[in-house]
$ cat target_23.cif   # mmCIF, C-alpha atoms (C1' of nucleotides)
data_data
#
loop_
_atom_site.label_atom_id
_atom_site.label_comp_id
_atom_site.auth_asym_id
_atom_site.auth_seq_id
_atom_site.Cartn_x
_atom_site.Cartn_y
_atom_site.Cartn_z
CA MET A 53 89.06 -34.78 -41.89
CA ASN A 54 87.47 -37.41 -39.72
CA HIS A 55 88.21 -41.01 -39.24
CA LYS A 56 86.34 -42.35 -42.26
CA LEU A 57 85.60 -46.00 -42.28
CA CYS A 58 83.92 -46.42 -45.69
CA LEU A 59 81.92 -49.47 -44.71
CA SER A 60 79.45 -51.36 -46.87
CA THR A 61 75.97 -52.15 -45.62
CA GLU A 62 77.12 -55.72 -44.97
CA GLU A 63 80.12 -54.57 -42.98
CA ILE A 64 77.96 -52.29 -40.88
CA GLN A 65 75.52 -55.10 -40.30
CA ALA A 66 78.36 -57.36 -39.19
CA LYS A 67 79.77 -54.67 -36.92
CA LEU A 68 76.42 -54.17 -35.21
CA GLN A 69 75.90 -57.89 -34.79
CA ALA A 70 79.39 -58.32 -33.40
CA SER A 71 78.49 -55.67 -30.83
CA GLY A 72 75.27 -57.46 -29.92
CA VAL A 73 73.04 -54.85 -31.53
CA GLN A 74 70.20 -55.86 -33.86
CA PRO A 75 70.95 -54.42 -37.28
CA THR A 76 67.64 -52.75 -37.97
CA LEU A 77 67.01 -50.58 -41.01
CA GLN A 78 67.18 -47.40 -38.96
CA ARG A 79 70.35 -48.38 -37.15
CA ILE A 80 72.16 -49.38 -40.32
CA ALA A 81 71.21 -46.12 -41.98
CA ILE A 82 72.34 -44.02 -39.04
CA CYS A 83 75.61 -45.97 -38.88
CA LYS A 84 76.24 -45.23 -42.54
CA TYR A 85 76.14 -41.59 -41.67
CA VAL A 86 77.87 -41.45 -38.31
CA LEU A 87 80.53 -44.07 -38.99
CA CYS A 88 81.30 -43.20 -42.61
CA GLU A 89 80.13 -39.81 -43.76
CA ALA A 90 79.79 -37.45 -40.88
CA ASP A 91 82.46 -35.45 -39.13
CA HIS A 92 81.73 -34.89 -35.45
CA PRO A 93 77.98 -34.49 -35.96
CA ASN A 94 75.53 -33.61 -33.26
CA ALA A 95 72.17 -35.33 -32.76
CA GLU A 96 70.32 -32.69 -34.74
CA GLN A 97 72.55 -33.19 -37.76
CA VAL A 98 72.06 -36.92 -37.56
CA LYS A 99 68.31 -36.42 -37.35
CA GLU A 100 68.32 -34.09 -40.36
CA TRP A 101 70.32 -36.57 -42.40
CA ALA A 102 68.07 -39.43 -41.35
CA GLU A 103 64.92 -37.51 -42.21
CA LYS A 104 66.27 -36.92 -45.70
CA ASN A 105 67.43 -40.47 -46.22
CA LEU A 106 64.71 -42.55 -44.66
CA ASP A 107 60.97 -42.66 -45.30
CA LYS A 108 60.22 -42.19 -41.69
CA ILE A 109 62.28 -41.82 -38.58
CA SER A 110 61.48 -40.49 -35.17
CA GLN A 111 63.62 -38.28 -33.03
CA ALA A 112 63.54 -40.89 -30.28
CA THR A 113 65.06 -43.50 -32.58
CA VAL A 114 67.87 -41.18 -33.53
CA TYR A 115 68.70 -40.57 -29.88
CA ASN A 116 68.19 -44.23 -28.94
CA THR A 117 70.46 -45.38 -31.72
CA LEU A 118 73.20 -42.89 -30.93
CA ASN A 119 73.07 -43.85 -27.26
CA THR A 120 73.21 -47.53 -28.16
CA LEU A 121 76.22 -46.99 -30.41
CA VAL A 122 77.98 -45.14 -27.62
CA GLU A 123 77.16 -47.91 -25.15
CA VAL A 124 78.68 -50.61 -27.32
CA GLY A 125 81.72 -48.51 -28.10
CA LEU A 126 81.20 -47.80 -31.78
CA LEU A 127 80.93 -44.10 -31.09
CA ARG A 128 82.27 -41.73 -28.50
CA ILE A 129 80.47 -38.80 -27.06
CA PHE A 130 82.03 -35.40 -26.37
CA LYS A 131 80.82 -32.11 -25.08
CA PHE A 132 82.67 -28.90 -25.82
CA PRO A 133 82.52 -25.46 -24.29
CA HIS A 134 81.36 -23.72 -27.46
CA SER A 135 78.09 -25.61 -27.84
CA GLU A 136 75.26 -26.98 -25.78
CA LYS A 137 75.05 -29.99 -27.98
CA VAL A 138 76.77 -33.28 -27.52
CA ILE A 139 78.84 -34.42 -30.49
CA TYR A 140 79.49 -37.97 -31.67
CA ASP A 141 82.94 -39.12 -32.71
CA ASN A 142 83.56 -42.26 -34.74
CA ASN A 143 87.20 -42.13 -33.74
CA VAL A 144 86.95 -44.34 -30.68
CA HIS A 145 90.62 -44.62 -29.80
CA ASP A 146 92.32 -42.09 -27.57
CA HIS A 147 92.83 -38.73 -29.17
CA TYR A 148 92.61 -35.02 -28.53
CA HIS A 149 90.80 -32.23 -30.36
CA PHE A 150 91.48 -28.92 -31.98
CA LEU A 151 88.56 -26.50 -32.01
CA ASP A 152 88.56 -23.85 -34.70
CA GLU A 153 86.91 -21.04 -32.79
CA SER A 154 85.89 -19.14 -35.91
CA SER A 155 83.93 -21.95 -37.52
CA GLY A 156 83.22 -24.20 -34.57
CA ASN A 157 84.74 -27.09 -36.51
CA LEU A 158 86.56 -29.83 -34.67
CA TYR A 159 89.67 -31.67 -35.78
CA ASP A 160 91.18 -34.78 -34.29
CA ILE A 161 94.69 -34.56 -32.92
CA GLU A 162 96.67 -37.75 -32.49
CA THR A 163 97.88 -38.39 -28.96
CA LYS A 164 101.36 -39.14 -30.31
CA ASP A 165 101.64 -35.55 -31.54
CA VAL A 166 101.23 -34.14 -28.06
CA SER A 167 103.45 -35.04 -25.15
CA VAL A 168 102.17 -34.30 -21.68
CA ASP A 169 104.33 -34.39 -18.57
CA MET A 170 102.69 -33.97 -15.22
CA GLU A 171 103.88 -33.26 -11.75
CA VAL A 172 100.53 -33.28 -9.99
CA PRO A 173 99.98 -33.92 -6.28
CA PRO A 174 100.23 -37.63 -5.53
CA LYS A 175 96.67 -37.83 -4.24
CA PHE A 176 95.45 -37.50 -7.82
CA ILE A 177 95.35 -40.82 -9.65
CA VAL A 178 95.02 -39.88 -13.31
CA ASN A 179 93.23 -42.38 -15.53
CA SER A 180 92.72 -40.30 -18.62
CA ILE A 181 93.56 -36.94 -20.08
CA GLU A 182 91.27 -34.79 -22.13
CA ILE A 183 92.80 -32.03 -24.19
CA VAL A 184 91.14 -29.42 -26.34
CA LEU A 185 93.35 -27.03 -28.25
CA LYS A 186 91.54 -23.87 -29.24
CA GLY A 187 92.50 -21.43 -31.96
CA GLN A 188 92.06 -20.82 -35.65
CA LEU A 189 93.19 -22.31 -38.89
CA LYS A 190 96.05 -20.55 -40.59
CA ALA A 191 94.78 -18.43 -43.49
CA THR A 192 96.08 -19.95 -46.72
CA MET B 290 90.56 -26.51 -2.29
CA ASN B 291 89.61 -23.54 -4.38
CA HIS B 292 91.12 -20.20 -4.89
CA LYS B 293 89.70 -18.48 -1.82
CA LEU B 294 89.82 -14.74 -1.78
CA CYS B 295 88.37 -13.97 1.67
CA LEU B 296 87.08 -10.54 0.77
CA SER B 297 85.17 -8.18 3.00
CA THR B 298 81.92 -6.62 1.87
CA GLU B 299 83.81 -3.39 1.18
CA GLU B 300 86.43 -5.16 -0.90
CA ILE B 301 83.74 -6.89 -2.94
CA GLN B 302 81.97 -3.59 -3.44
CA ALA B 303 85.22 -2.03 -4.63
CA LYS B 304 85.93 -4.95 -6.93
CA LEU B 305 82.50 -4.68 -8.54
CA GLN B 306 82.81 -0.94 -8.95
CA ALA B 307 86.28 -1.30 -10.44
CA SER B 308 84.73 -3.66 -12.98
CA GLY B 309 81.97 -1.20 -13.81
CA VAL B 310 79.27 -3.25 -12.13
CA GLN B 311 76.80 -1.63 -9.74
CA PRO B 312 77.29 -3.24 -6.34
CA THR B 313 73.71 -4.13 -5.54
CA LEU B 314 72.70 -6.10 -2.49
CA GLN B 315 72.10 -9.24 -4.52
CA ARG B 316 75.35 -8.98 -6.43
CA ILE B 317 77.42 -8.41 -3.32
CA ALA B 318 75.82 -11.40 -1.62
CA ILE B 319 76.36 -13.68 -4.61
CA CYS B 320 79.97 -12.51 -4.84
CA LYS B 321 80.52 -13.41 -1.22
CA TYR B 322 79.58 -16.92 -2.07
CA VAL B 323 81.14 -17.43 -5.48
CA LEU B 324 84.34 -15.49 -4.89
CA CYS B 325 85.01 -16.53 -1.30
CA GLU B 326 83.14 -19.59 -0.11
CA ALA B 327 82.17 -21.78 -2.98
CA ASP B 328 84.26 -24.32 -4.81
CA HIS B 329 83.32 -24.69 -8.48
CA PRO B 330 79.60 -24.22 -7.85
CA ASN B 331 76.91 -24.49 -10.48
CA ALA B 332 74.02 -22.06 -10.85
CA GLU B 333 71.70 -24.24 -8.83
CA GLN B 334 74.06 -24.27 -5.88
CA VAL B 335 74.44 -20.51 -6.06
CA LYS B 336 70.67 -20.17 -6.16
CA GLU B 337 70.24 -22.46 -3.14
CA TRP B 338 72.81 -20.52 -1.17
CA ALA B 339 71.25 -17.21 -2.16
CA GLU B 340 67.76 -18.37 -1.19
CA LYS B 341 69.06 -19.28 2.27
CA ASN B 342 71.00 -16.08 2.74
CA LEU B 343 68.78 -13.42 1.25
CA ASP B 344 65.18 -12.48 2.02
CA LYS B 345 64.21 -12.74 -1.58
CA ILE B 346 66.07 -13.56 -4.75
CA SER B 347 64.88 -14.67 -8.13
CA GLN B 348 66.41 -17.28 -10.35
CA ALA B 349 66.83 -14.70 -13.08
CA THR B 350 68.94 -12.51 -10.83
CA VAL B 351 71.20 -15.41 -9.96
CA TYR B 352 71.77 -16.15 -13.63
CA ASN B 353 72.05 -12.48 -14.56
CA THR B 354 74.61 -11.88 -11.85
CA LEU B 355 76.69 -14.91 -12.72
CA ASN B 356 76.67 -13.91 -16.38
CA THR B 357 77.67 -10.38 -15.50
CA LEU B 358 80.54 -11.59 -13.32
CA VAL B 359 81.76 -13.76 -16.17
CA GLU B 360 81.50 -10.86 -18.62
CA VAL B 361 83.67 -8.60 -16.48
CA GLY B 362 86.18 -11.35 -15.81
CA LEU B 363 85.62 -11.94 -12.11
CA LEU B 364 84.50 -15.49 -12.78
CA ARG B 365 85.22 -18.07 -15.43
CA ILE B 366 82.75 -20.51 -16.81
CA PHE B 367 83.46 -24.16 -17.55
CA LYS B 368 81.49 -27.08 -18.84
CA PHE B 369 82.56 -30.63 -18.16
CA PRO B 370 81.56 -33.90 -19.71
CA HIS B 371 80.16 -35.37 -16.52
CA SER B 372 77.42 -32.81 -16.03
CA GLU B 373 74.91 -30.79 -17.98
CA LYS B 374 75.49 -27.84 -15.76
CA VAL B 375 77.89 -25.04 -16.24
CA ILE B 376 80.25 -24.42 -13.34
CA TYR B 377 81.73 -21.13 -12.18
CA ASP B 378 85.36 -20.80 -11.24
CA ASN B 379 86.75 -17.90 -9.22
CA ASN B 380 90.25 -18.84 -10.33
CA VAL B 381 90.42 -16.63 -13.39
CA HIS B 382 94.02 -17.19 -14.37
CA ASP B 383 95.03 -20.04 -16.67
CA HIS B 384 94.81 -23.44 -15.07
CA TYR B 385 93.72 -26.99 -15.72
CA HIS B 386 91.38 -29.30 -13.83
CA PHE B 387 91.34 -32.68 -12.23
CA LEU B 388 87.94 -34.39 -12.11
CA ASP B 389 87.40 -36.98 -9.41
CA GLU B 390 85.12 -39.34 -11.27
CA SER B 391 83.78 -40.96 -8.11
CA SER B 392 82.57 -37.80 -6.45
CA GLY B 393 82.30 -35.42 -9.38
CA ASN B 394 84.50 -32.95 -7.49
CA LEU B 395 86.84 -30.70 -9.39
CA TYR B 396 90.32 -29.62 -8.36
CA ASP B 397 92.46 -26.94 -9.90
CA ILE B 398 95.77 -27.94 -11.40
CA GLU B 399 98.41 -25.28 -11.90
CA THR B 400 99.63 -24.92 -15.46
CA LYS B 401 103.22 -25.01 -14.21
CA ASP B 402 102.70 -28.58 -12.99
CA VAL B 403 101.88 -29.83 -16.46
CA SER B 404 104.17 -29.46 -19.44
CA VAL B 405 102.67 -29.88 -22.85
CA ASP B 406 104.71 -30.27 -26.03
CA MET B 407 102.92 -30.28 -29.33
CA GLU B 408 103.81 -31.23 -32.84
CA VAL B 409 100.50 -30.45 -34.48
CA PRO B 410 99.99 -29.70 -38.18
CA PRO B 411 101.06 -26.14 -38.95
CA LYS B 412 97.63 -25.14 -40.16
CA PHE B 413 96.46 -25.17 -36.53
CA ILE B 414 97.17 -21.92 -34.71
CA VAL B 415 96.74 -22.76 -31.05
CA ASN B 416 95.65 -19.93 -28.79
CA SER B 417 94.76 -21.84 -25.65
CA ILE B 418 94.85 -25.30 -24.21
CA GLU B 419 92.18 -26.89 -22.08
CA ILE B 420 93.10 -29.92 -20.05
CA VAL B 421 90.95 -32.10 -17.84
CA LEU B 422 92.62 -34.94 -16.01
CA LYS B 423 90.17 -37.61 -14.96
CA GLY B 424 90.62 -40.21 -12.28
CA GLN B 425 90.16 -40.75 -8.56
CA LEU B 426 91.69 -39.55 -5.35
CA LYS B 427 94.12 -41.93 -3.72
CA ALA B 428 92.51 -43.68 -0.77
CA THR B 429 94.22 -42.46 2.38
"C1'" DA C 57 62.38 15.85 -5.55
"C1'" DT C 58 62.24 14.30 -10.42
"C1'" DT C 59 63.54 11.87 -14.01
"C1'" DA C 60 66.25 8.58 -16.47
"C1'" DT C 61 68.53 4.43 -16.26
"C1'" DA C 62 69.64 0.05 -14.34
"C1'" DT C 63 68.24 -3.95 -11.76
"C1'" DT C 64 65.18 -7.28 -10.11
"C1'" DT C 65 61.26 -10.07 -10.45
"C1'" DA C 66 57.68 -13.87 -11.66
"C1'" DG C 67 56.62 -16.51 -14.86
"C1'" DA C 68 56.72 -17.90 -19.75
"C1'" DA C 69 59.68 -19.63 -23.28
"C1'" DT C 70 63.37 -22.18 -25.30
"C1'" DA C 71 66.72 -25.94 -26.43
"C1'" DG C 72 68.41 -30.37 -26.07
"C1'" DT C 73 67.45 -34.71 -24.51
"C1'" DT C 74 64.84 -38.44 -22.21
"C1'" DC C 75 60.66 -40.77 -20.99
"C1'" DT C 76 56.08 -43.14 -21.69
"C1'" DA C 77 53.11 -46.27 -23.37
"C1'" DA C 78 51.18 -47.90 -27.54
"C1'" DT C 79 52.33 -49.97 -31.97
"C1'" DT C 80 55.14 -52.49 -35.10
"C1'" DC C 81 58.86 -55.31 -36.22
"C1'" DT C 82 61.97 -59.37 -35.93
"C1'" DC C 83 63.44 -63.66 -34.39
"C1'" DT C 84 62.81 -68.29 -32.94
"C1'" DA C 85 60.30 -72.42 -32.33
"C1'" DT C 86 56.92 -74.90 -34.04
"C1'" DA D 34 54.35 -70.53 -43.05
"C1'" DT D 35 52.72 -68.95 -38.20
"C1'" DA D 36 52.27 -67.82 -33.37
"C1'" DG D 37 54.19 -65.79 -29.60
"C1'" DA D 38 57.88 -63.38 -27.11
"C1'" DG D 39 60.91 -59.94 -26.87
"C1'" DA D 40 62.96 -55.92 -29.01
"C1'" DA D 41 62.69 -51.65 -31.57
"C1'" DT D 42 60.17 -47.74 -33.11
"C1'" DT D 43 56.98 -44.12 -32.70
"C1'" DA D 44 54.42 -39.60 -31.40
"C1'" DG D 45 54.11 -36.79 -28.18
"C1'" DA D 46 54.63 -35.46 -23.33
"C1'" DA D 47 58.01 -34.43 -19.84
"C1'" DC D 48 62.14 -32.81 -18.06
"C1'" DT D 49 66.36 -29.87 -17.05
"C1'" DA D 50 69.19 -25.97 -17.47
"C1'" DT D 51 69.07 -21.58 -18.97
"C1'" DT D 52 67.27 -17.33 -21.19
"C1'" DC D 53 63.69 -14.13 -22.27
"C1'" DT D 54 59.79 -10.80 -21.41
"C1'" DA D 55 57.62 -7.13 -19.62
"C1'" DA D 56 56.30 -5.07 -15.42
"C1'" DA D 57 57.83 -3.37 -10.91
"C1'" DT D 58 61.38 -1.52 -8.09
"C1'" DA D 59 65.66 0.51 -6.92
"C1'" DT D 60 69.50 3.63 -7.75
"C1'" DA D 61 71.95 7.57 -9.63
"C1'" DA D 62 72.16 12.03 -11.65
"C1'" DT D 63 70.19 16.21 -12.35
#
$ encode --input "target_23.cif" --output "structure tokens"
Amino acid sequence: MNHKLCLSTEEIQAKLQASGVQPTLQRIAICKYVLCEADHPNAEQVKEWAEKNLDKISQATVYNTLNTLVEVGLLRIFKFPHSEKVIYDNNVHDHYHFLDESSGNLYDIETKDVSVDMEVPPKFIVNSIEIVLKGQLKAT
Amino acid sequence: MNHKLCLSTEEIQAKLQASGVQPTLQRIAICKYVLCEADHPNAEQVKEWAEKNLDKISQATVYNTLNTLVEVGLLRIFKFPHSEKVIYDNNVHDHYHFLDESSGNLYDIETKDVSVDMEVPPKFIVNSIEIVLKGQLKAT
DNA sequence: ATTATATTTAGAATAGTTCTAATTCTCTAT
DNA sequence: ATAGAGAATTAGAACTATTCTAAATATAAT
């Protein structure tokens, strides 16, 4: 499950404005998807959704909007070894990921559930840690 | 510093043969670079080196060879968030990475220097862990 | 030597993303 | 309301990293 925000159009509008981004029709629509509905989508999935849900949208706008949302910190961008495509994550606080290698699905892992102790050479000043756990889901 | 192997032409030949790979001129040359000299190179860097050190080499051969070496386990492939390009790692046992965000350089981190304790939901069966530490090198 | 198989090659093709420059929208000041 | 300025959107071209194609060449096995 992703970090669902369940925002109304007005809340999205406010969020964009607070971030200094003009709340255009296209941007609000894309936010509805990437902030509320989608779970680690890639640009293609966002484009497909937008094409279904808007009269008219260009590929460039989808990419522009996603890049803008990343710039203002409403979205985070990740790239994983199993796919060429960048994915967008509406969970913008620190967290790790679990990759289900059978389905390619990603799951968020809370940083508090993983403790990391390092004894790395002192010349390395570590600012952030990225962790991807890989495996499968237990058959039920 | 990378995991330098310092192999002679004969040793490389033997290694390829042992892996069931025909030791062609091009493959031996590329191995010299990626197994002995290079430090986390990408395909472009391998191609540049090969073009300098061989009479004639095609891009396709560089990619074919690198893919073959990955297939037989002489090389590992990694993709990092800071670059579009895949990198090749001659350190084929488990390890983590430190990314110097100022230079883009990668350093290997031994798994023994990092202890990871997880308390993740039981539905996740974890087979492997990928860790990238990001930061800078201490100014000397 | 001959043949079969594997490798290499040049160049085309592909995938994902960004760029370009023209058009349209939105906001503010009148 | 309306003009003008600046921002956003658009279609399509361009770009980058990698893979594919089909022909040529090399290597290995008979």
$ interface_residues --input "target_23.cif" --of "chain B" --to "chain A" --cutoff "10 Å" --atoms "only C-alpha atoms" --output "number ranges by chain"
B: 366-373, 375, 385-390, 396, 398-429
$ resolve_selection --input "target_23.cif" --expression "the PyMOL selection byres ((chain B and resi 380) around 12)" --output "PyMOL selection string"
chain B and resi 290-294+323-325+327-329+359+362-367+376-379+381-386+396-399
$ interface_residues --input "target_23.cif" --of "chain D" --to "chain A" --cutoff "10 Å" --atoms "only C-alpha atoms (C1' of nucleotides)" --output "number ranges by chain"
D: 40-44
$ residues_around --input "target_23.cif" --residues "Gln302 (chain B)" --least-positions-apart "5" --cutoff "10 Å" --atoms "all atoms listed in the file" --output "list in words"
Leu296, Ser297, Ala307, Ser308, Val310, Gln311, Pro312, Thr313, Leu314, Arg316, Ile317 and Cys320 of chain B
$ axis_aligned_box --input "target_23.cif" --around "region 396-408 of chain B" --padding-each-side "3 Å" --output "lines of an AutoDock Vina configuration file"
center_x = 97.5
center_y = -28.1
center_z = -20.6
size_x = 20.4
size_y = 12.3
size_z = 30.5
$ closest_atom_pairs --input "target_23.cif" --of "chain C" --to "chain A" --cutoff "12 Å" --atoms "only C-alpha atoms (C1' of nucleotides)" --output "Markdown table"
| residue | atom | partner | partner_atom | distance |
| --- | --- | --- | --- | --- |
| C:DA71 | C1' | A:Glu136 | CA | 8.6 |
| C:DG72 | C1' | A:Lys137 | CA | 6.9 |
| C:DT73 | C1' | A:Tyr115 | CA | 8.0 |
| C:DT74 | C1' | A:Ala112 | CA | 8.5 |
| C:DC75 | C1' | A:Ala112 | CA | 9.7 |
| C:DT76 | C1' | A:Ala112 | CA | 11.6 |
| C:DC81 | C1' | A:Thr76 | CA | 9.3 |
| C:DT82 | C1' | A:Thr76 | CA | 9.0 |
| C:DC83 | C1' | A:Gln74 | CA | 10.3 |
$ atom_distance --input "target_23.cif" --atom1 "CA of Lys99 (chain A)" --atom2 "C1' of DC53 (chain D)"
27.3 Å
$ atom_distance --input "target_23.cif" --atom1 "CA of Val114 (chain A)" --atom2 "C1' of DA69 (chain C)"
25.2 Å
$ atom_distance --input "target_23.cif" --atom1 "C1' of DT52 (chain D)" --atom2 "C1' of DA62 (chain C)"
18.8 Å
$ resolve_selection --input "target_23.cif" --expression "the PyMOL selection byres ((chain C and resi 59) around 10)" --output "list in words"
DA57, DT58, DA60 and DT61 of chain C; DA62 and DT63 of chain D
$ resolve_selection --input "target_23.cif" --expression "the PyMOL selection byres ((chain D and resi 37) around 12)" --output "MDAnalysis selection string"
(chainID C and resid 82:86) or (chainID D and resid 35:36 38:39)
$ decode --input "target_23.cif" --residues "region 59-140 of chain A" --atoms "C-alpha atoms" --output "PDB file, in the first residue's frame"
ATOM      1  CA  LEU A  59      -6.795  15.083  -1.057  1.00  0.00           C
ATOM      2  CA  SER A  60      -9.667  17.108  -2.476  1.00  0.00           C
ATOM      3  CA  THR A  61      -9.188  19.296  -5.526  1.00  0.00           C
ATOM      4  CA  GLU A  62      -9.071  22.317  -3.218  1.00  0.00           C
ATOM      5  CA  GLU A  63      -6.423  20.756  -1.022  1.00  0.00           C
ATOM      6  CA  ILE A  64      -4.309  19.906  -4.031  1.00  0.00           C
ATOM      7  CA  GLN A  65      -4.705  23.425  -5.327  1.00  0.00           C
ATOM      8  CA  ALA A  66      -3.598  24.802  -1.970  1.00  0.00           C
ATOM      9  CA  LYS A  67      -0.648  22.426  -1.831  1.00  0.00           C
ATOM     10  CA  LEU A  68       0.550  23.506  -5.269  1.00  0.00           C
ATOM     11  CA  GLN A  69       0.134  27.170  -4.440  1.00  0.00           C
ATOM     12  CA  ALA A  70       1.979  26.733  -1.158  1.00  0.00           C
ATOM     13  CA  SER A  71       4.835  25.243  -3.182  1.00  0.00           C
ATOM     14  CA  GLY A  72       4.827  28.174  -5.590  1.00  0.00           C
ATOM     15  CA  VAL A  73       3.410  26.147  -8.471  1.00  0.00           C
ATOM     16  CA  GLN A  74       0.483  27.455 -10.544  1.00  0.00           C
ATOM     17  CA  PRO A  75      -2.409  25.058 -10.078  1.00  0.00           C
ATOM     18  CA  THR A  76      -3.302  24.475 -13.696  1.00  0.00           C
ATOM     19  CA  LEU A  77      -5.913  21.977 -14.804  1.00  0.00           C
ATOM     20  CA  GLN A  78      -3.275  19.512 -15.977  1.00  0.00           C
ATOM     21  CA  ARG A  79      -1.199  19.784 -12.834  1.00  0.00           C
ATOM     22  CA  ILE A  80      -4.151  19.325 -10.523  1.00  0.00           C
ATOM     23  CA  ALA A  81      -5.276  16.268 -12.440  1.00  0.00           C
ATOM     24  CA  ILE A  82      -1.833  14.699 -12.409  1.00  0.00           C
ATOM     25  CA  CYS A  83      -1.526  15.418  -8.682  1.00  0.00           C
ATOM     26  CA  LYS A  84      -4.804  13.646  -8.050  1.00  0.00           C
ATOM     27  CA  TYR A  85      -3.265  10.572  -9.537  1.00  0.00           C
ATOM     28  CA  VAL A  86       0.290  10.684  -8.276  1.00  0.00           C
ATOM     29  CA  LEU A  87      -0.442  12.016  -4.793  1.00  0.00           C
ATOM     30  CA  CYS A  88      -3.640  10.085  -4.083  1.00  0.00           C
ATOM     31  CA  GLU A  89      -4.275   7.118  -6.301  1.00  0.00           C
ATOM     32  CA  ALA A  90      -1.084   5.773  -7.722  1.00  0.00           C
ATOM     33  CA  ASP A  91       1.442   3.485  -6.122  1.00  0.00           C
ATOM     34  CA  HIS A  92       4.989   4.111  -7.314  1.00  0.00           C
ATOM     35  CA  PRO A  93       3.951   4.875 -10.893  1.00  0.00           C
ATOM     36  CA  ASN A  94       6.320   5.548 -13.725  1.00  0.00           C
ATOM     37  CA  ALA A  95       5.911   8.356 -16.260  1.00  0.00           C
ATOM     38  CA  GLU A  96       4.207   6.085 -18.761  1.00  0.00           C
ATOM     39  CA  GLN A  97       1.558   5.066 -16.257  1.00  0.00           C
ATOM     40  CA  VAL A  98       0.937   8.681 -15.368  1.00  0.00           C
ATOM     41  CA  LYS A  99       0.622   9.526 -19.054  1.00  0.00           C
ATOM     42  CA  GLU A 100      -1.832   6.675 -19.629  1.00  0.00           C
ATOM     43  CA  TRP A 101      -3.953   7.765 -16.699  1.00  0.00           C
ATOM     44  CA  ALA A 102      -3.873  11.380 -17.841  1.00  0.00           C
ATOM     45  CA  GLU A 103      -4.857  10.474 -21.379  1.00  0.00           C
ATOM     46  CA  LYS A 104      -7.889   8.640 -20.043  1.00  0.00           C
ATOM     47  CA  ASN A 105      -8.891  11.362 -17.633  1.00  0.00           C
ATOM     48  CA  LEU A 106      -8.248  14.542 -19.539  1.00  0.00           C
ATOM     49  CA  ASP A 107      -9.511  15.733 -22.913  1.00  0.00           C
ATOM     50  CA  LYS A 108      -6.050  16.428 -24.095  1.00  0.00           C
ATOM     51  CA  ILE A 109      -2.627  16.162 -22.580  1.00  0.00           C
ATOM     52  CA  SER A 110       0.795  16.047 -24.095  1.00  0.00           C
ATOM     53  CA  GLN A 111       3.652  13.835 -23.098  1.00  0.00           C
ATOM     54  CA  ALA A 112       5.779  16.907 -22.463  1.00  0.00           C
ATOM     55  CA  THR A 113       3.294  18.215 -19.911  1.00  0.00           C
ATOM     56  CA  VAL A 114       3.304  14.932 -18.061  1.00  0.00           C
ATOM     57  CA  TYR A 115       7.092  14.991 -17.825  1.00  0.00           C
ATOM     58  CA  ASN A 116       7.196  18.726 -17.052  1.00  0.00           C
ATOM     59  CA  THR A 117       4.660  18.336 -14.286  1.00  0.00           C
ATOM     60  CA  LEU A 118       6.363  15.344 -12.719  1.00  0.00           C
ATOM     61  CA  ASN A 119       9.697  17.149 -12.806  1.00  0.00           C
ATOM     62  CA  THR A 120       8.131  20.234 -11.261  1.00  0.00           C
ATOM     63  CA  LEU A 121       6.564  18.198  -8.468  1.00  0.00           C
ATOM     64  CA  VAL A 122       9.913  16.599  -7.745  1.00  0.00           C
ATOM     65  CA  GLU A 123      11.625  20.002  -7.716  1.00  0.00           C
ATOM     66  CA  VAL A 124       9.245  21.426  -5.137  1.00  0.00           C
ATOM     67  CA  GLY A 125       9.414  18.304  -3.014  1.00  0.00           C
ATOM     68  CA  LEU A 126       5.909  16.938  -3.435  1.00  0.00           C
ATOM     69  CA  LEU A 127       7.251  13.825  -5.092  1.00  0.00           C
ATOM     70  CA  ARG A 128      10.443  11.851  -4.926  1.00  0.00           C
ATOM     71  CA  ILE A 129      12.114  10.127  -7.786  1.00  0.00           C
ATOM     72  CA  PHE A 130      13.708   6.683  -7.632  1.00  0.00           C
ATOM     73  CA  LYS A 131      15.397   4.392 -10.055  1.00  0.00           C
ATOM     74  CA  PHE A 132      15.622   0.679  -9.441  1.00  0.00           C
ATOM     75  CA  PRO A 133      17.746  -2.032 -10.958  1.00  0.00           C
ATOM     76  CA  HIS A 134      14.835  -4.003 -12.398  1.00  0.00           C
ATOM     77  CA  SER A 135      13.558  -1.283 -14.712  1.00  0.00           C
ATOM     78  CA  GLU A 136      14.813   1.413 -17.015  1.00  0.00           C
ATOM     79  CA  LYS A 137      12.059   3.693 -15.927  1.00  0.00           C
ATOM     80  CA  VAL A 138      12.136   6.223 -13.185  1.00  0.00           C
ATOM     81  CA  ILE A 139       9.390   5.856 -10.594  1.00  0.00           C
ATOM     82  CA  TYR A 140       7.664   8.582  -8.606  1.00  0.00           C
TER      83      TYR A 140
END
